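For reference, work.cif (mmCIF, C-alpha atoms):
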```cif
data_upload
#
loop_
_atom_site.label_atom_id
_atom_site.label_comp_id
_atom_site.auth_asym_id
_atom_site.auth_seq_id
_atom_site.Cartn_x
_atom_site.Cartn_y
_atom_site.Cartn_z
CA MET F 198 0.84 -11.01 -23.32
CA SER F 199 0.75 -10.38 -27.07
CA GLU F 200 2.17 -7.20 -28.58
CA THR F 201 -1.15 -6.32 -30.17
CA ARG F 202 -3.68 -5.89 -27.42
CA PRO F 203 -7.02 -7.63 -28.20
CA ALA F 204 -9.88 -5.26 -28.95
CA ALA F 205 -11.63 -6.52 -25.79
CA LEU F 206 -8.82 -5.02 -23.73
CA ALA F 207 -8.68 -1.71 -25.55
CA GLY F 208 -10.50 0.03 -22.70
CA ILE F 209 -7.85 -0.90 -20.19
CA ASP F 210 -4.94 0.12 -22.37
CA THR F 211 -3.71 2.60 -19.78
CA ASP F 212 -1.28 2.04 -16.93
CA LEU F 213 -4.12 2.43 -14.44
CA GLY F 214 -6.37 0.03 -16.32
CA VAL F 215 -3.60 -2.54 -16.61
CA LEU F 216 -2.87 -2.19 -12.88
CA VAL F 217 -6.48 -2.66 -11.76
CA ALA F 218 -7.07 -5.49 -14.24
CA GLY F 219 -3.87 -7.19 -13.09
CA LEU F 220 -4.83 -6.92 -9.43
CA ALA F 221 -8.40 -8.11 -10.05
CA ASP F 222 -7.51 -11.00 -12.34
CA ASN F 223 -4.71 -12.25 -10.12
CA LYS F 224 -6.88 -12.04 -6.99
CA TYR F 225 -9.60 -13.93 -8.84
CA PHE F 226 -7.31 -16.72 -10.01
CA LEU F 227 -5.49 -16.91 -6.68
CA GLY F 228 -8.89 -17.46 -5.05
CA ARG F 229 -9.77 -20.16 -7.55
CA ARG F 230 -6.48 -21.97 -6.99
CA TYR F 231 -6.85 -21.75 -3.21
CA ALA F 232 -10.43 -23.02 -3.49
CA GLU F 233 -9.27 -26.20 -5.20
CA TRP F 234 -7.64 -27.22 -1.90
CA CYS F 235 -10.75 -26.79 0.24
CA THR F 236 -11.23 -30.54 0.27
CA SER F 237 -7.71 -31.82 -0.23
CA ALA F 238 -5.37 -29.84 2.03
CA PRO F 239 -3.14 -31.90 4.35
CA THR F 240 -5.31 -31.36 7.44
CA LEU F 241 -8.93 -30.50 8.12
CA GLU F 242 -7.80 -27.21 9.67
CA SER F 243 -5.73 -26.22 6.64
CA ALA F 244 -8.63 -27.12 4.32
CA VAL F 245 -10.86 -24.70 6.21
CA ALA F 246 -8.11 -22.07 6.08
CA ALA F 247 -7.77 -22.62 2.31
CA ALA F 248 -11.52 -22.13 1.92
CA ALA F 249 -11.43 -18.93 3.98
CA MET F 250 -8.47 -17.54 2.05
CA ALA F 251 -10.15 -18.42 -1.25
CA GLN F 252 -13.25 -16.56 -0.10
CA ASP F 253 -11.10 -13.55 0.84
CA GLU F 254 -9.29 -13.48 -2.52
CA ILE F 255 -12.43 -13.83 -4.62
CA GLY F 256 -14.04 -11.13 -2.49
CA HIS F 257 -11.08 -8.86 -3.18
CA ALA F 258 -11.40 -9.53 -6.92
CA ARG F 259 -15.13 -8.78 -6.75
CA SER F 260 -14.38 -5.41 -5.19
CA LEU F 261 -11.90 -4.57 -7.97
CA TYR F 262 -13.86 -5.45 -11.12
CA PRO F 263 -16.37 -2.61 -10.58
CA LEU F 264 -13.36 -0.30 -10.42
CA LEU F 265 -12.21 -1.68 -13.75
CA ARG F 266 -15.64 -0.86 -15.19
CA GLU F 267 -15.34 2.69 -13.87
CA ILE F 268 -12.05 3.04 -15.72
CA ALA F 269 -12.89 1.22 -18.91
CA GLY F 270 -16.67 1.35 -19.21
CA ASP F 271 -19.36 -1.30 -18.97
CA SER F 272 -18.58 -4.47 -20.85
CA PRO F 273 -18.98 -8.20 -20.19
CA GLU F 274 -15.20 -8.23 -20.49
CA TYR F 275 -14.94 -6.46 -17.13
CA GLU F 276 -17.03 -8.99 -15.20
CA ALA F 277 -15.18 -11.97 -13.73
CA GLU F 278 -17.83 -14.44 -14.91
CA THR F 279 -17.90 -13.26 -18.53
CA ARG F 280 -14.35 -12.04 -18.97
CA THR F 281 -12.31 -13.86 -21.61
CA HIS F 282 -8.95 -12.02 -21.60
CA PHE F 283 -7.51 -12.42 -18.13
CA THR F 284 -4.17 -10.87 -17.30
CA ASN F 285 -3.11 -13.20 -14.48
CA VAL F 286 0.39 -14.61 -14.10
CA SER F 287 0.89 -17.85 -15.98
CA PHE F 288 1.38 -20.06 -12.92
CA LEU F 289 -2.16 -19.30 -11.74
CA SER F 290 -3.63 -20.53 -15.03
CA HIS F 291 -3.32 -24.15 -14.00
CA GLU F 292 -3.92 -26.13 -10.83
CA PHE F 293 -1.21 -26.37 -8.20
CA GLY F 294 0.77 -29.58 -8.56
CA GLY F 295 0.84 -30.09 -4.81
CA TRP F 296 0.66 -28.46 -1.40
CA PRO F 297 4.18 -26.95 -1.72
CA ASP F 298 2.91 -25.01 -4.76
CA PHE F 299 0.02 -23.69 -2.67
CA ILE F 300 2.39 -22.55 0.08
CA ALA F 301 4.96 -21.07 -2.32
CA THR F 302 2.22 -19.03 -4.01
CA ASN F 303 0.74 -18.05 -0.64
CA LEU F 304 4.18 -16.84 0.47
CA LEU F 305 5.44 -15.17 -2.70
CA PHE F 306 2.60 -14.09 -4.92
CA ASP F 307 -0.01 -13.31 -2.27
CA SER F 308 2.70 -11.13 -0.66
CA ALA F 309 3.57 -9.50 -4.01
CA LEU F 310 -0.06 -8.48 -4.37
CA SER F 311 -0.04 -7.10 -0.83
CA VAL F 312 3.11 -5.10 -1.53
CA VAL F 313 1.30 -3.41 -4.42
CA PHE F 314 -1.79 -2.75 -2.31
CA GLU F 315 0.42 -1.22 0.37
CA ALA F 316 1.80 1.15 -2.26
CA ALA F 317 -1.79 2.02 -3.25
CA ARG F 318 -3.07 2.51 0.31
CA ASP F 319 -2.66 6.27 0.21
CA ALA F 320 -3.23 6.59 -3.51
CA SER F 321 -4.46 9.72 -5.19
CA PHE F 322 -7.02 7.40 -6.79
CA ARG F 323 -9.33 7.25 -3.76
CA GLU F 324 -11.45 4.30 -4.94
CA LEU F 325 -8.35 2.14 -5.22
CA ALA F 326 -6.91 3.41 -1.92
CA GLN F 327 -10.14 2.51 -0.07
CA ARG F 328 -10.14 -1.00 -1.49
CA ALA F 329 -6.43 -1.42 -0.77
CA ARG F 330 -6.91 -0.55 2.91
CA ARG F 331 -9.82 -2.99 3.22
CA ILE F 332 -7.93 -5.79 1.45
CA LEU F 333 -4.85 -5.29 3.60
CA GLU F 334 -6.92 -5.85 6.75
CA GLU F 335 -7.42 -9.48 5.69
CA GLU F 336 -3.97 -10.27 4.40
CA PRO F 337 -2.05 -10.65 7.69
CA LEU F 338 -3.84 -13.96 8.26
CA HIS F 339 -2.70 -15.19 4.83
CA TRP F 340 0.86 -14.21 5.70
CA LEU F 341 0.70 -16.10 9.02
CA HIS F 342 -0.56 -19.14 7.13
CA ALA F 343 2.30 -18.99 4.63
CA GLU F 344 4.95 -18.36 7.26
CA GLY F 345 3.70 -21.16 9.49
CA TRP F 346 3.47 -23.68 6.67
CA VAL F 347 6.93 -22.83 5.29
CA ARG F 348 8.37 -23.57 8.74
CA ARG F 349 6.30 -26.72 9.05
CA LEU F 350 7.26 -28.12 5.63
CA SER F 351 10.91 -27.20 6.06
CA VAL F 352 11.33 -29.40 9.13
CA ARG F 353 9.27 -32.33 7.89
CA SER F 354 11.96 -33.97 5.74
CA ALA F 355 14.69 -33.05 3.27
CA PRO F 356 12.59 -34.11 0.22
CA VAL F 357 9.62 -32.01 1.40
CA ARG F 358 11.87 -28.99 1.97
CA ALA F 359 13.40 -29.52 -1.48
CA ALA F 360 9.92 -29.68 -3.05
CA LEU F 361 9.05 -26.39 -1.40
CA GLY F 362 12.33 -24.90 -2.64
CA ARG F 363 11.51 -25.99 -6.19
CA ALA F 364 8.00 -24.55 -5.91
CA VAL F 365 9.38 -21.20 -4.75
CA ALA F 366 12.08 -21.14 -7.44
CA GLY F 367 9.47 -22.01 -10.07
CA ILE F 368 7.34 -18.91 -9.47
CA ALA F 369 9.89 -16.40 -8.16
CA PRO F 370 11.06 -14.96 -11.52
CA GLU F 371 7.55 -14.27 -12.83
CA THR F 372 6.43 -12.93 -9.45
CA LEU F 373 9.30 -10.44 -9.33
CA GLN F 374 8.76 -9.47 -12.96
CA TRP F 375 5.02 -8.98 -12.41
CA LEU F 376 5.83 -6.04 -10.14
CA ASP F 377 6.69 -4.11 -13.32
CA ILE F 378 2.95 -3.46 -13.31
CA ALA F 379 3.83 -0.42 -11.16
CA ALA F 380 4.54 1.72 -14.22
CA PRO F 381 6.46 5.01 -13.70
CA GLY F 382 3.39 7.05 -14.66
CA LEU F 383 1.41 5.52 -11.79
CA VAL F 384 4.06 6.68 -9.34
CA SER F 385 4.30 10.19 -10.80
CA ASP F 386 0.48 10.45 -10.72
CA GLY F 387 0.41 9.38 -7.07
CA VAL F 388 -1.58 6.20 -7.73
CA LEU F 389 1.27 4.14 -6.27
CA SER F 390 3.85 5.30 -3.77
CA ALA F 391 6.60 3.00 -5.10
CA GLY F 392 7.89 1.77 -8.44
CA PRO F 393 8.83 -1.77 -9.46
CA ASP F 394 12.32 -1.79 -7.95
CA GLU F 395 11.10 -0.54 -4.57
CA LEU F 396 8.25 -3.05 -4.62
CA ARG F 397 10.67 -5.88 -5.41
CA ALA F 398 12.90 -4.74 -2.57
CA SER F 399 9.89 -4.74 -0.20
CA LEU F 400 8.87 -8.22 -1.27
CA VAL F 401 12.39 -9.58 -0.94
CA ALA F 402 12.79 -8.00 2.51
CA ARG F 403 9.57 -9.64 3.65
CA VAL F 404 10.04 -13.08 2.16
CA ASN F 405 13.77 -13.75 2.45
CA PRO F 406 13.92 -14.04 6.26
CA VAL F 407 11.22 -16.73 6.07
CA LEU F 408 13.01 -18.59 3.29
CA GLU F 409 16.40 -18.36 4.98
CA GLY F 410 14.88 -19.41 8.31
CA ALA F 411 13.58 -22.50 6.56
CA GLY F 412 16.98 -23.30 5.06
CA LEU F 413 15.85 -22.34 1.54
CA PRO F 414 17.72 -20.11 -0.91
CA PRO F 415 16.64 -16.44 -0.75
CA LEU F 416 15.13 -14.65 -3.74
CA MET D 119 -3.87 -29.19 20.37
CA TRP D 120 -5.02 -25.66 21.21
CA GLU D 121 -8.05 -24.63 23.23
CA VAL D 122 -9.89 -21.65 21.74
CA TYR D 123 -11.93 -19.15 23.76
CA ALA D 124 -13.87 -16.17 22.45
CA ARG D 125 -16.51 -13.62 23.37
CA ARG D 126 -18.98 -11.60 21.33
CA LYS D 127 -19.33 -8.67 23.74
CA PHE D 128 -16.79 -7.16 26.09
CA GLU D 129 -19.19 -7.48 29.01
CA GLU D 130 -19.49 -11.25 28.45
CA PRO D 131 -16.94 -13.77 29.74
CA LEU D 132 -14.72 -15.70 27.37
CA SER D 133 -16.34 -19.00 26.43
CA HIS D 134 -14.78 -22.17 25.15
CA VAL D 135 -15.60 -22.43 21.43
CA GLY D 136 -13.52 -25.46 20.47
CA THR D 137 -10.07 -26.79 19.70
CA VAL D 138 -7.67 -26.69 16.76
CA ALA D 139 -4.76 -28.96 15.94
CA ALA D 140 -1.59 -27.14 14.90
CA ASP D 141 2.15 -27.54 15.37
CA GLU D 142 2.77 -23.89 16.10
CA PRO D 143 1.04 -20.74 17.32
CA ASP D 144 0.92 -18.95 13.95
CA LEU D 145 -1.02 -21.75 12.31
CA ALA D 146 -3.17 -22.20 15.42
CA GLN D 147 -4.20 -18.53 15.11
CA VAL D 148 -5.07 -18.92 11.44
CA TYR D 149 -7.07 -22.07 12.07
CA ALA D 150 -8.93 -20.60 15.04
CA ARG D 151 -9.86 -17.48 13.07
CA THR D 152 -11.02 -19.39 10.02
CA ILE D 153 -12.81 -22.28 11.74
CA PHE D 154 -14.65 -20.32 14.42
CA ASN D 155 -15.75 -17.41 12.26
CA GLU D 156 -19.48 -17.87 12.74
CA PHE D 157 -19.73 -14.71 14.86
CA THR D 158 -18.17 -11.27 14.91
CA TRP D 159 -16.06 -11.83 18.00
CA VAL D 160 -14.60 -8.95 19.97
CA GLU D 161 -11.90 -11.15 21.46
CA MET D 162 -10.45 -14.58 20.77
CA VAL D 163 -7.60 -16.27 22.64
CA LEU D 164 -6.06 -19.68 22.52
CA TYR D 165 -3.60 -21.65 24.57
CA PRO D 166 -1.88 -24.99 24.17
CA ARG D 167 -3.67 -27.79 25.93
CA VAL D 168 -0.35 -29.07 27.33
CA SER D 169 -0.08 -25.92 29.45
CA ALA D 170 -3.30 -26.78 31.32
CA LEU D 171 -2.95 -27.68 35.00
CA SER D 172 -5.15 -30.56 36.00
CA VAL D 173 -7.24 -29.65 39.06
CA LEU D 174 -9.48 -32.68 39.10
CA ASP D 175 -8.98 -35.92 37.22
CA THR D 176 -11.61 -38.64 37.65
#
```
For this file, produce the structure as structure tokens.
Amino acid sequence: MSETRPAALAGIDTDLGVLVAGLADNKYFLGRRYAEWCTSAPTLESAVAAAAMAQDEIGHARSLYPLLREIAGDSPEYEAETRTHFTNVSFLSHEFGGWPDFIATNLLFDSALSVVFEAARDASFRELAQRARRILEEEPLHWLHAEGWVRRLSVRSAPVRAALGRAVAGIAPETLQWLDIAAPGLVSDGVLSAGPDELRASLVARVNPVLEGAGLPPL
Amino acid sequence: MWEVYARRKFEEPLSHVGTVAADEPDLAQVYARTIFNEFTWVEMVLYPRVSALSVLDT
């Protein structure tokens, strides 16, 4: 992100605006990346699951953009279809290189988003809290998918496990850093119940047992 | 292979809706939920086909 915020983003130049934009944009791009595997996942069943998860993520994004408009005002910049300045993490800007990238993102980044929504579930900002609760109802299935596939890939062969390890290591630093989106002001205002360090600790506590169980290095 | 059963109303019996292929129960659950999502089920269960006891085999 550049130091000088583009004029198109001026309306979201608040911690709350940056949070909602970050959640919406990352959900949107996560859905797009998942969708690319609807026809090329390793099995027919996993292709259907990828399609369903893509539909969930894009639906979550669609529920968040109107919130962004409430915060920042009506503008084509706050519609997914016409938006030009997305604030997603860099690894969602390009296609996954392979199925291990899909699973690593499903495990780490999908969970990082969920950790933030959990912190927003009882937010003072009711519109965000309502959406967070609804979104979190659908995420357990995504977690089961990630957990199951990490186990499956880890026992397939040493090269496959190593590829998964590389995929996880490739996105872990930016995923952990992205949790800085929970700015101190959001916690003091009651929008989020936890700051970046607590969110990172929650993510690590959730993900590390899966990684260690698969014989992969923890975060 | 997992056999999937579901029902749309509590007063109805579980009906066989299909099968999913998965190595483990977690993935079987995900696949069953995402593949057989054409109705708003009130209950869905699955069990591994290998646990079935053959009663009649012609």
Cut-off 7 Å: closest chain F/chain D atom pairs per residue, using all atoms listed in the file, as JSON lines:
```
{"residue": "F:Glu242", "atom": "CA", "partner": "D:Tyr149", "partner_atom": "CA", "distance": 5.7}
{"residue": "F:Ser243", "atom": "CA", "partner": "D:Tyr149", "partner_atom": "CA", "distance": 7.0}
{"residue": "F:Val245", "atom": "CA", "partner": "D:Ile153", "partner_atom": "CA", "distance": 6.3}
{"residue": "F:Ala246", "atom": "CA", "partner": "D:Thr152", "partner_atom": "CA", "distance": 5.6}
{"residue": "F:Ala249", "atom": "CA", "partner": "D:Thr152", "partner_atom": "CA", "distance": 6.1}
{"residue": "F:Leu338", "atom": "CA", "partner": "D:Val148", "partner_atom": "CA", "distance": 6.0}
{"residue": "F:Leu341", "atom": "CA", "partner": "D:Asp144", "partner_atom": "CA", "distance": 5.7}
{"residue": "F:His342", "atom": "CA", "partner": "D:Leu145", "partner_atom": "CA", "distance": 5.8}
{"residue": "F:Gly345", "atom": "CA", "partner": "D:Leu145", "partner_atom": "CA", "distance": 5.5}
```
Okay, now the selection with C-alpha atoms, as a tab-separated table (two decimals), in the coordinates of the input?
```
chain	number	residue	atom	x	y	z
F	242	GLU	CA	-7.80	-27.21	9.67
F	243	SER	CA	-5.73	-26.22	6.64
F	245	VAL	CA	-10.86	-24.70	6.21
F	246	ALA	CA	-8.11	-22.07	6.08
F	249	ALA	CA	-11.43	-18.93	3.98
F	338	LEU	CA	-3.84	-13.96	8.26
F	341	LEU	CA	0.70	-16.10	9.02
F	342	HIS	CA	-0.56	-19.14	7.13
F	345	GLY	CA	3.70	-21.16	9.49
```
Closest of F:Leu389, F:Ile300, F:Asp377, F:Val365 to Leu350 (chain F), counting only C-alpha atoms, is F:Ile300
With distances taken over only C-alpha atoms, which of D:Glu161, D:Glu156, D:Pro166, D:Thr176 is nearest to Glu129 (chain D)?
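Checking each of D:Glu161, D:Glu156, D:Pro166, D:Thr176 against Glu129 (chain D), counting only C-alpha atoms, the winner is D:Glu161.
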Give me, please, the distance in Å between CA of Ser321 (chain F) and CA of Val388 (chain F), quoted to one decimal.
5.2 Å
Which residues match the PyMOL selection byres ((chain F and resi 347) around 9) in the file above, as a ChimeraX atom specification?
/F:297,300-301,304,342-346,348-352,358,361,407-408,411
Filtering to C-alpha atoms, could you give me those residues as a tab-separated table (two decimals), in the frame of the given file?
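Output (part.tsv):
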```
chain	number	residue	atom	x	y	z
F	297	PRO	CA	4.18	-26.95	-1.72
F	300	ILE	CA	2.39	-22.55	0.08
F	301	ALA	CA	4.96	-21.07	-2.32
F	304	LEU	CA	4.18	-16.84	0.47
F	342	HIS	CA	-0.56	-19.14	7.13
F	343	ALA	CA	2.30	-18.99	4.63
F	344	GLU	CA	4.95	-18.36	7.26
F	345	GLY	CA	3.70	-21.16	9.49
F	346	TRP	CA	3.47	-23.68	6.67
F	348	ARG	CA	8.37	-23.57	8.74
F	349	ARG	CA	6.30	-26.72	9.05
F	350	LEU	CA	7.26	-28.12	5.63
F	351	SER	CA	10.91	-27.20	6.06
F	352	VAL	CA	11.33	-29.40	9.13
F	358	ARG	CA	11.87	-28.99	1.97
F	361	LEU	CA	9.05	-26.39	-1.40
F	407	VAL	CA	11.22	-16.73	6.07
F	408	LEU	CA	13.01	-18.59	3.29
F	411	ALA	CA	13.58	-22.50	6.56
```
One decimal, in Å: what's the spacing between CA of Ile378 (chain F) and CA of Arg229 (chain F)?
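Those two atoms sit 21.8 Å apart.
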Output the residue selection produced by the PyMOL selection byres ((chain F and resi 265-269) around 8) on the file above, formatted as a compact mmCIF listing (two decimals) with C-alpha atoms, in the frame of the given file.
```txt
# COMPACT_ATOMS: atom_id res chain seq x y z
CA GLY F 208 -10.50 0.03 -22.70
CA ILE F 209 -7.85 -0.90 -20.19
CA GLY F 214 -6.37 0.03 -16.32
CA VAL F 217 -6.48 -2.66 -11.76
CA ALA F 218 -7.07 -5.49 -14.24
CA LEU F 261 -11.90 -4.57 -7.97
CA TYR F 262 -13.86 -5.45 -11.12
CA PRO F 263 -16.37 -2.61 -10.58
CA LEU F 264 -13.36 -0.30 -10.42
CA GLY F 270 -16.67 1.35 -19.21
CA ASP F 271 -19.36 -1.30 -18.97
CA SER F 272 -18.58 -4.47 -20.85
CA TYR F 275 -14.94 -6.46 -17.13
```
What is the distance, in Å and to one decimal place, between CA of Thr372 (chain F) and CA of Ala221 (chain F)?
15.6 Å
